[in-house]
2 protein chains.
Amino acid sequence: MNSKKDSEKQVIIAARENGISSVLFRNAIGRKLGLNITDSECLSLLSIKGISTPTELAHYTGLTTGSTTAMLDRLEKAEFIRRMPNPKDRRGVLIEINKQYTETVGPFIAGLQKAQNELIASYSDKELETITDFLTRFTNNVKECTKTVIYPVR
Amino acid sequence: MNSKKDSEKQVIIAARENGISSVLFRNAIGRKLGLNITDSECLSLLSIKGISTPTELAHYTGLTTGSTTAMLDRLEKAEFIRRMPNPKDRRGVLIEINKQYTETVGPFIAGLQKAQNELIASYSDKELETITDFLTRFTNNVKECTKTVIYPVR
DNA sequence: GTCTTATAATCAAGATACTTGATTTTGAAG
DNA sequence: CTTCAAAATCAAGTATCTTGATTATAAGAC
């Protein structure tokens with residue numbers, strides 16, 4: 001099976017480049033805000049989800065829960081996030097991102113969001129469905145593989 | 001401009017989920033190999049590029065060159081990478097990933113690579129072109145924005 | 001050519017962040 | 001209601017990171 005078509009190779013390259021660019025982007029934002037890499041990655045997830053929990057953030061950043069507590073202390077002190085009681089589990093807390101962060105980061109990413117929206121608007125519905133379908137299936141494969149790495153079969 | 005179509009929203013969500021899943025995947029692999037997050041991220045870039053330089057790896061990981069030297073010392077000691085003289089610049093070195101790493105990581109990612117290849121093969125050439133086009137333009141936007149974050153206009 | 005300035009990588013010292021293991025609180029299961 | 005599991009925190013020890021200095025080489029100015 002060495003007969004991979006050019007169109008197939010290209011999509012793999014494009015997907016990889018996409019991943020690389022997003023890491024470099026996150027680093028640039030983090031440096032701008034004076035954040036270390038971990039804190040920056042944490043905020044990048046929070047800016048997508050809006051709300052999360054220390055456990056989930058530990059999972060995403062790859063930290064232990066102990067380090068996560070320290071990280072959240074730093075981010076709370078910097079007023080980028082706040083801790084809220086979790087109404088569904090009195091052991092836990094909810095982490096919310098502050099307006100402070102959104103407003104600080106806004107000027108840096110407004111141009112990108114506009115550009116991405118325009119890019120997306122330039123495709124037909126049918127094309128967008130194809131793209132979404134691809135990304136979703138691609139992501140599901142990654143998720144499946146992650147499970148088998150964490151919980152090996154036998 | 002609050003009239004974003006559903007197909008447009010879906011592609012944004014799918015792109016975000018894709019980014020999240022790749023971070024979690026990298027973490028899982030890193031943990032499996034007993035690597036810290038930084039070292040893991042470094043190897044993930046090297047496994048794509050095959051060869052790099054300390055400067056580029058510092059840029060990608062978000063580390064200073066000082067920390068990068070220490071990181072490369074660790075990875076070299078673990079025999080995951082090797083330093084080679086750079087024939088084009090006698091100040092610098094080239095970092096190559098070792099077979100050791102590829103073989104260690106292979107069993108964990110073989111299934112994923114197969115799944116992704118099959119996924120890609122399930123699309124028509126026209127569809128693949130659409131997807132590649134989208135990813136490339138999307139990436140270019142991210143790269144452009146990264147530049148303006150690093151080198152603000154005035 | 002030679003001088004100056006910039007870049008690549010390294011190193012040592014000090015600061016920062018991370019891991020481990022224990023602890024507290026609460027939830028879930030038997 | 002008893003026991004075990006999960007969420008978050010904390011303190012001590014370890015690992016990693018940043019800073020600033022250093023060496024070697026490259027690139028540009030004159």
# chains A, B, ... in the order shown; residues from 1 in each chain; ligands from 1
>>> select_by_dssp(residues="chain B", states="helix (DSSP H, G or I)", output="PyMOL selection string")
chain B and resi 6-32+37-49+54-61+65-77+99-121+125-150
>>> write_last_selection(atoms="C-alpha atoms", output="short mmCIF file (atom, residue, chain, number, x, y, z; two decimals), in the first residue's frame")
data_model
loop_
_atom_site.label_atom_id
_atom_site.label_comp_id
_atom_site.auth_asym_id
_atom_site.auth_seq_id
_atom_site.Cartn_x
_atom_site.Cartn_y
_atom_site.Cartn_z
CA ASP B 6 -25.21 26.21 11.32
CA SER B 7 -22.76 24.72 8.85
CA GLU B 8 -20.36 27.52 9.69
CA LYS B 9 -20.68 27.02 13.40
CA GLN B 10 -20.15 23.29 13.07
CA VAL B 11 -16.85 23.62 11.29
CA ILE B 12 -15.51 25.91 14.00
CA ILE B 13 -16.53 23.46 16.69
CA ALA B 14 -14.98 20.59 14.78
CA ALA B 15 -11.69 22.46 14.34
CA ARG B 16 -11.53 23.24 18.04
CA GLU B 17 -12.28 19.67 19.06
CA ASN B 18 -9.56 18.55 16.74
CA GLY B 19 -7.03 20.76 18.49
CA ILE B 20 -8.10 19.56 21.91
CA SER B 21 -7.89 15.91 20.95
CA SER B 22 -4.37 16.28 19.62
CA VAL B 23 -3.17 17.78 22.89
CA LEU B 24 -4.71 14.95 24.88
CA PHE B 25 -3.18 12.44 22.52
CA ARG B 26 0.28 13.91 22.88
CA ASN B 27 -0.09 13.88 26.67
CA ALA B 28 -1.08 10.22 26.64
CA ILE B 29 1.93 9.24 24.53
CA GLY B 30 4.26 11.34 26.68
CA ARG B 31 3.02 9.78 29.87
CA LYS B 32 3.44 6.33 28.38
CA ILE B 37 5.22 17.71 28.73
CA THR B 38 7.99 19.80 27.24
CA ASP B 39 10.04 16.84 26.10
CA SER B 40 6.93 15.22 24.71
CA GLU B 41 6.03 18.29 22.69
CA CYS B 42 9.56 18.54 21.37
CA LEU B 43 9.47 14.94 20.16
CA SER B 44 6.08 15.43 18.58
CA LEU B 45 7.51 18.14 16.35
CA LEU B 46 10.61 16.10 15.62
CA SER B 47 8.55 13.09 14.67
CA ILE B 48 6.90 15.25 12.02
CA LYS B 49 9.98 17.05 10.79
CA PRO B 54 17.70 23.75 18.86
CA THR B 55 16.55 27.22 17.92
CA GLU B 56 13.49 25.95 16.10
CA LEU B 57 12.68 23.53 18.90
CA ALA B 58 13.01 26.33 21.45
CA HIS B 59 10.57 28.34 19.41
CA TYR B 60 8.10 25.48 19.16
CA THR B 61 8.24 24.45 22.81
CA THR B 65 17.63 28.41 24.41
CA GLY B 66 19.12 27.66 27.82
CA SER B 67 16.28 25.32 28.75
CA THR B 68 16.38 23.84 25.30
CA THR B 69 19.98 22.78 25.77
CA ALA B 70 19.00 21.03 28.99
CA MET B 71 16.00 19.41 27.33
CA LEU B 72 18.11 18.11 24.46
CA ASP B 73 20.60 16.74 26.99
CA ARG B 74 17.77 14.77 28.58
CA LEU B 75 16.44 13.49 25.29
CA GLU B 76 19.91 12.59 24.06
CA LYS B 77 20.63 10.70 27.27
CA LYS B 99 15.01 5.04 15.48
CA GLN B 100 14.77 4.32 19.20
CA TYR B 101 11.91 6.81 19.48
CA THR B 102 10.13 5.80 16.31
CA GLU B 103 10.18 2.17 17.36
CA THR B 104 9.08 2.90 20.90
CA VAL B 105 6.18 5.02 19.81
CA GLY B 106 5.24 2.95 16.77
CA PRO B 107 3.07 0.37 18.52
CA PHE B 108 1.00 3.13 20.09
CA ILE B 109 0.29 5.07 16.94
CA ALA B 110 0.20 2.41 14.24
CA GLY B 111 -3.53 1.93 14.67
CA LEU B 112 -4.21 5.62 14.44
CA GLN B 113 -2.15 6.07 11.30
CA LYS B 114 -4.00 3.22 9.66
CA ALA B 115 -7.36 4.65 10.68
CA GLN B 116 -6.45 8.10 9.39
CA ASN B 117 -5.23 6.70 6.09
CA GLU B 118 -8.46 4.78 5.66
CA LEU B 119 -10.47 7.84 6.55
CA ILE B 120 -8.65 9.90 3.97
CA ALA B 121 -9.01 7.20 1.35
CA ASP B 125 -10.11 13.70 -4.82
CA LYS B 126 -12.33 16.71 -5.09
CA GLU B 127 -13.32 16.48 -1.45
CA LEU B 128 -9.71 16.04 -0.37
CA GLU B 129 -8.78 19.13 -2.29
CA THR B 130 -11.47 21.09 -0.51
CA ILE B 131 -10.26 19.86 2.86
CA THR B 132 -6.61 20.56 2.11
CA ASP B 133 -7.48 23.97 0.78
CA PHE B 134 -9.42 24.79 3.91
CA LEU B 135 -6.73 23.56 6.29
CA THR B 136 -4.01 25.41 4.40
CA ARG B 137 -5.85 28.70 4.40
CA PHE B 138 -6.86 28.25 8.00
CA THR B 139 -3.23 27.61 8.94
CA ASN B 140 -2.04 30.61 6.96
CA ASN B 141 -4.41 32.84 8.88
CA VAL B 142 -3.05 31.51 12.15
CA LYS B 143 0.51 32.10 10.98
CA GLU B 144 -0.28 35.66 9.90
CA CYS B 145 -1.91 36.44 13.22
CA THR B 146 1.02 34.94 15.11
CA LYS B 147 3.30 37.38 13.32
CA THR B 148 1.19 40.37 14.32
CA VAL B 149 1.20 39.17 17.93
CA ILE B 150 4.97 38.85 17.97
#
>>> residues_around(residues="DA21 of chain D", least_positions_apart="5", cutoff="12 Å", atoms="only C-alpha atoms (C1' of nucleotides)", output="PyMOL selection string")
(chain B and resi 66) or (chain C and resi 10-13)
>>> atom_distance(atom1="atom CA of Lys5 of chain B", atom2="atom CA of Asn98 of chain A")
27.9 Å
>>> select_by_dssp(residues="segment 72-133 of chain B", states="strand (DSSP E or B)", output="VMD selection string")
chain B and resid 81 to 85 93 to 97
>>> write_last_selection(atoms="C-alpha atoms", output="PDB file, in the first residue's frame")
ATOM      1  CA  ILE B  81      17.451  12.117  19.676  1.00  0.00           C
ATOM      2  CA  ARG B  82      21.017  12.802  18.613  1.00  0.00           C
ATOM      3  CA  ARG B  83      23.010  15.961  17.942  1.00  0.00           C
ATOM      4  CA  MET B  84      24.763  16.248  14.601  1.00  0.00           C
ATOM      5  CA  PRO B  85      27.020  19.009  13.331  1.00  0.00           C
ATOM      6  CA  VAL B  93      23.801  21.654  15.454  1.00  0.00           C
ATOM      7  CA  LEU B  94      21.110  19.567  13.853  1.00  0.00           C
ATOM      8  CA  ILE B  95      18.769  17.514  15.987  1.00  0.00           C
ATOM      9  CA  GLU B  96      17.690  14.201  14.547  1.00  0.00           C
ATOM     10  CA  ILE B  97      15.138  11.855  15.980  1.00  0.00           C
TER      11      ILE B  97
END
>>> interface_residues(of="chain C", to="chain A", cutoff="8 Å", atoms="only C-alpha atoms (C1' of nucleotides)", output="list in words")
DA17, DC18, DT19, DT25, DT26 and DG27 of chain C
>>> interface_residues(of="chain D", to="chain A", cutoff="10 Å", atoms="only C-alpha atoms (C1' of nucleotides)", output="short mmCIF file (atom, residue, chain, number, x, y, z; two decimals) with N, CA and C atoms (P, O5', C5', C4', C3', O3' and C1' of nucleotides), in the first residue's frame")
data_model
loop_
_atom_site.label_atom_id
_atom_site.label_comp_id
_atom_site.auth_asym_id
_atom_site.auth_seq_id
_atom_site.Cartn_x
_atom_site.Cartn_y
_atom_site.Cartn_z
P DA D 6 -12.38 6.24 41.39
"O5'" DA D 6 -12.71 7.77 41.71
"C5'" DA D 6 -14.06 8.21 41.67
"C4'" DA D 6 -14.13 9.66 42.08
"C3'" DA D 6 -13.07 10.54 41.41
"O3'" DA D 6 -13.73 11.71 40.96
"C1'" DA D 6 -12.98 10.78 43.77
P DA D 7 -12.91 12.86 40.19
"O5'" DA D 7 -12.86 14.01 41.29
"C5'" DA D 7 -14.06 14.68 41.65
"C4'" DA D 7 -13.73 15.91 42.46
"C3'" DA D 7 -12.60 16.74 41.85
"O3'" DA D 7 -12.96 18.11 41.87
"C1'" DA D 7 -12.03 16.07 44.06
P DA D 8 -12.02 19.16 41.14
"O5'" DA D 8 -11.13 19.70 42.35
"C5'" DA D 8 -11.77 20.40 43.41
"C4'" DA D 8 -10.81 20.55 44.58
"C3'" DA D 8 -9.55 21.35 44.28
"O3'" DA D 8 -9.64 22.59 44.97
"C1'" DA D 8 -9.13 19.41 45.64
P DT D 9 -8.47 23.65 44.88
"O5'" DT D 9 -7.54 23.31 46.13
"C5'" DT D 9 -8.13 23.25 47.43
"C4'" DT D 9 -7.13 22.71 48.44
"C3'" DT D 9 -5.78 23.44 48.44
"O3'" DT D 9 -5.63 24.10 49.68
"C1'" DT D 9 -5.53 21.08 48.58
P DC D 10 -4.46 25.16 49.90
"O5'" DC D 10 -3.30 24.31 50.61
"C5'" DC D 10 -3.63 23.52 51.75
"C4'" DC D 10 -2.42 22.69 52.17
"C3'" DC D 10 -1.08 23.42 52.02
"O3'" DC D 10 -0.37 23.34 53.25
"C1'" DC D 10 -1.01 21.28 50.98
P DC D 17 11.63 22.62 31.23
"O5'" DC D 17 11.81 24.09 31.83
"C5'" DC D 17 10.68 24.75 32.39
"C4'" DC D 17 11.07 26.17 32.79
"C3'" DC D 17 11.73 26.95 31.67
"O3'" DC D 17 11.03 28.16 31.43
"C1'" DC D 17 13.07 27.01 33.65
#
>>> residues_around(residues="DT4 of chain C", least_positions_apart="2", cutoff="10 Å", atoms="only C-alpha atoms (C1' of nucleotides)", output="ChimeraX atom specification")
/C:2,6 /D:28-30
>>> residues_around(residues="DT3 of chain D", least_positions_apart="5", cutoff="12 Å", atoms="only C-alpha atoms (C1' of nucleotides)", output="list in words")
DA28, DA29 and DG30 of chain C
>>> write_last_selection(atoms="N, CA and C atoms (P, O5', C5', C4', C3', O3' and C1' of nucleotides)", output="JSON list (two decimals), in the first residue's frame")
[["chain", "number", "residue", "atom", "x", "y", "z"],
["C", 28, "DA", "P", -22.56, 10.97, 43.45],
["C", 28, "DA", "O5'", -22.07, 9.47, 43.62],
["C", 28, "DA", "C5'", -20.80, 9.08, 43.13],
["C", 28, "DA", "C4'", -20.56, 7.60, 43.38],
["C", 28, "DA", "C3'", -21.79, 6.72, 43.12],
["C", 28, "DA", "O3'", -21.31, 5.52, 42.53],
["C", 28, "DA", "C1'", -21.09, 6.43, 45.36],
["C", 29, "DA", "P", -22.30, 4.44, 41.92],
["C", 29, "DA", "O5'", -21.78, 3.08, 42.57],
["C", 29, "DA", "C5'", -20.46, 2.99, 43.11],
["C", 29, "DA", "C4'", -20.37, 1.83, 44.09],
["C", 29, "DA", "C3'", -21.45, 0.75, 43.91],
["C", 29, "DA", "O3'", -20.85, -0.51, 44.14],
["C", 29, "DA", "C1'", -21.58, 1.61, 46.09],
["C", 30, "DG", "P", -21.60, -1.84, 43.83],
["C", 30, "DG", "O5'", -21.63, -2.53, 45.25],
["C", 30, "DG", "C5'", -20.40, -2.81, 45.93],
["C", 30, "DG", "C4'", -20.69, -3.22, 47.36],
["C", 30, "DG", "C3'", -21.72, -4.35, 47.49],
["C", 30, "DG", "O3'", -21.25, -5.33, 48.41],
["C", 30, "DG", "C1'", -22.39, -2.47, 48.80]]
>>> atom_distance(atom1="atom CA of Pro152 of chain A", atom2="atom CA of Leu33 of chain B")
13.7 Å
>>> decode(residues="segment 14-147 of chain A", atoms="C-alpha atoms", output="short mmCIF file (atom, residue, chain, number, x, y, z; two decimals), in the first residue's frame")
data_model
loop_
_atom_site.label_atom_id
_atom_site.label_comp_id
_atom_site.auth_asym_id
_atom_site.auth_seq_id
_atom_site.Cartn_x
_atom_site.Cartn_y
_atom_site.Cartn_z
CA ALA A 14 -2.01 20.26 5.81
CA ALA A 15 -3.37 18.72 8.99
CA ARG A 16 0.10 18.54 10.52
CA GLU A 17 0.94 22.12 9.61
CA ASN A 18 -2.31 23.16 11.17
CA GLY A 19 -1.35 21.55 14.45
CA ILE A 20 2.08 23.14 14.43
CA SER A 21 0.72 26.60 13.73
CA SER A 22 -1.74 26.41 16.59
CA VAL A 23 1.04 25.59 19.05
CA LEU A 24 3.14 28.51 17.83
CA PHE A 25 0.12 30.77 18.07
CA ARG A 26 -0.61 29.76 21.63
CA ASN A 27 3.04 30.33 22.56
CA ALA A 28 2.97 33.81 21.05
CA ILE A 29 -0.15 34.78 22.98
CA GLY A 30 1.23 33.31 26.19
CA ARG A 31 4.48 35.20 25.88
CA LYS A 32 2.57 38.39 25.22
CA LEU A 33 0.61 37.95 28.44
CA GLY A 34 3.68 36.93 30.43
CA LEU A 35 2.38 33.42 31.01
CA ASN A 36 4.35 30.22 31.22
CA ILE A 37 3.49 27.48 28.76
CA THR A 38 1.33 25.48 31.13
CA ASP A 39 -0.78 28.43 32.21
CA SER A 40 -1.13 29.48 28.61
CA GLU A 41 -2.36 26.04 27.57
CA CYS A 42 -4.80 25.99 30.44
CA LEU A 43 -6.28 29.31 29.39
CA SER A 44 -6.50 28.22 25.79
CA LEU A 45 -8.78 25.38 26.80
CA LEU A 46 -10.77 27.60 29.12
CA SER A 47 -11.26 30.17 26.39
CA ILE A 48 -12.91 27.47 24.32
CA LYS A 49 -14.95 25.84 27.05
CA GLY A 50 -15.61 28.89 29.21
CA ILE A 51 -16.03 26.66 32.24
CA SER A 52 -14.12 23.61 33.38
CA THR A 53 -12.94 21.77 36.48
CA PRO A 54 -9.47 21.35 37.99
CA THR A 55 -9.55 17.66 37.14
CA GLU A 56 -10.30 18.31 33.48
CA LEU A 57 -7.66 21.03 33.30
CA ALA A 58 -5.12 18.73 34.91
CA HIS A 59 -5.93 16.15 32.27
CA TYR A 60 -5.60 18.64 29.44
CA THR A 61 -2.36 20.24 30.64
CA GLY A 62 -0.85 16.91 31.61
CA LEU A 63 -0.28 18.05 35.18
CA THR A 64 -0.95 16.27 38.44
CA THR A 65 -3.80 17.63 40.50
CA GLY A 66 -1.25 19.06 42.92
CA SER A 67 0.37 21.19 40.24
CA THR A 68 -3.03 22.12 38.94
CA THR A 69 -3.97 23.63 42.27
CA ALA A 70 -0.80 25.74 42.17
CA MET A 71 -1.47 26.75 38.57
CA LEU A 72 -5.02 27.81 39.35
CA ASP A 73 -3.70 29.81 42.31
CA ARG A 74 -1.43 31.70 39.92
CA LEU A 75 -4.17 32.30 37.37
CA GLU A 76 -6.62 33.36 40.03
CA LYS A 77 -4.10 35.78 41.49
CA ALA A 78 -3.59 37.23 38.01
CA GLU A 79 -7.39 37.52 37.80
CA PHE A 80 -7.61 35.50 34.62
CA ILE A 81 -9.87 32.88 36.20
CA ARG A 82 -12.05 32.43 39.26
CA ARG A 83 -13.04 29.44 41.37
CA MET A 84 -16.74 28.82 41.91
CA PRO A 85 -18.42 26.15 44.01
CA ASN A 86 -19.70 23.24 41.96
CA PRO A 87 -23.42 22.97 42.68
CA LYS A 88 -23.49 19.34 41.57
CA ASP A 89 -20.54 18.12 43.64
CA ARG A 90 -19.59 19.77 46.88
CA ARG A 91 -16.11 18.26 46.76
CA GLY A 92 -15.25 20.06 43.58
CA VAL A 93 -15.02 23.55 42.15
CA LEU A 94 -15.79 25.05 38.78
CA ILE A 95 -13.19 27.14 37.03
CA GLU A 96 -14.50 30.05 35.02
CA ILE A 97 -12.53 32.31 32.76
CA ASN A 98 -12.70 36.01 33.62
CA LYS A 99 -13.67 38.90 31.42
CA GLN A 100 -10.21 40.17 32.32
CA TYR A 101 -8.67 37.46 30.16
CA THR A 102 -11.08 37.76 27.26
CA GLU A 103 -10.54 41.49 27.11
CA THR A 104 -6.78 41.22 27.38
CA VAL A 105 -6.54 38.65 24.64
CA GLY A 106 -9.25 40.12 22.43
CA PRO A 107 -7.13 42.69 20.61
CA PHE A 108 -4.63 39.99 19.65
CA ILE A 109 -7.10 37.51 18.24
CA ALA A 110 -9.86 39.68 16.83
CA GLY A 111 -8.18 39.82 13.44
CA LEU A 112 -7.76 36.07 13.33
CA GLN A 113 -11.36 35.36 14.25
CA LYS A 114 -12.53 37.70 11.52
CA ALA A 115 -10.23 36.09 8.99
CA GLN A 116 -11.38 32.60 9.94
CA ASN A 117 -15.03 33.58 9.75
CA GLU A 118 -14.49 35.06 6.30
CA LEU A 119 -12.62 31.97 5.22
CA ILE A 120 -15.44 29.75 6.36
CA ALA A 121 -18.05 31.96 4.71
CA SER A 122 -16.26 31.50 1.40
CA TYR A 123 -17.22 27.83 1.23
CA SER A 124 -20.52 26.33 0.15
CA ASP A 125 -22.69 24.47 2.63
CA LYS A 126 -21.82 21.24 0.95
CA GLU A 127 -18.11 21.92 1.23
CA LEU A 128 -18.44 22.92 4.86
CA GLU A 129 -20.22 19.69 5.59
CA THR A 130 -17.40 17.74 4.00
CA ILE A 131 -14.83 19.62 6.04
CA THR A 132 -16.75 19.21 9.29
CA ASP A 133 -17.28 15.56 8.57
CA PHE A 134 -13.60 15.04 7.96
CA LEU A 135 -12.49 16.91 11.06
CA THR A 136 -15.00 15.11 13.23
CA ARG A 137 -14.00 11.66 12.05
CA PHE A 138 -10.34 12.57 12.25
CA THR A 139 -10.83 13.74 15.83
CA ASN A 140 -12.76 10.61 16.74
CA ASN A 141 -9.90 8.46 15.54
CA VAL A 142 -7.47 10.43 17.69
CA LYS A 143 -9.77 10.06 20.70
CA GLU A 144 -10.09 6.32 20.15
CA CYS A 145 -6.34 5.90 19.89
CA THR A 146 -5.80 7.98 23.01
CA LYS A 147 -8.00 5.54 24.91
#
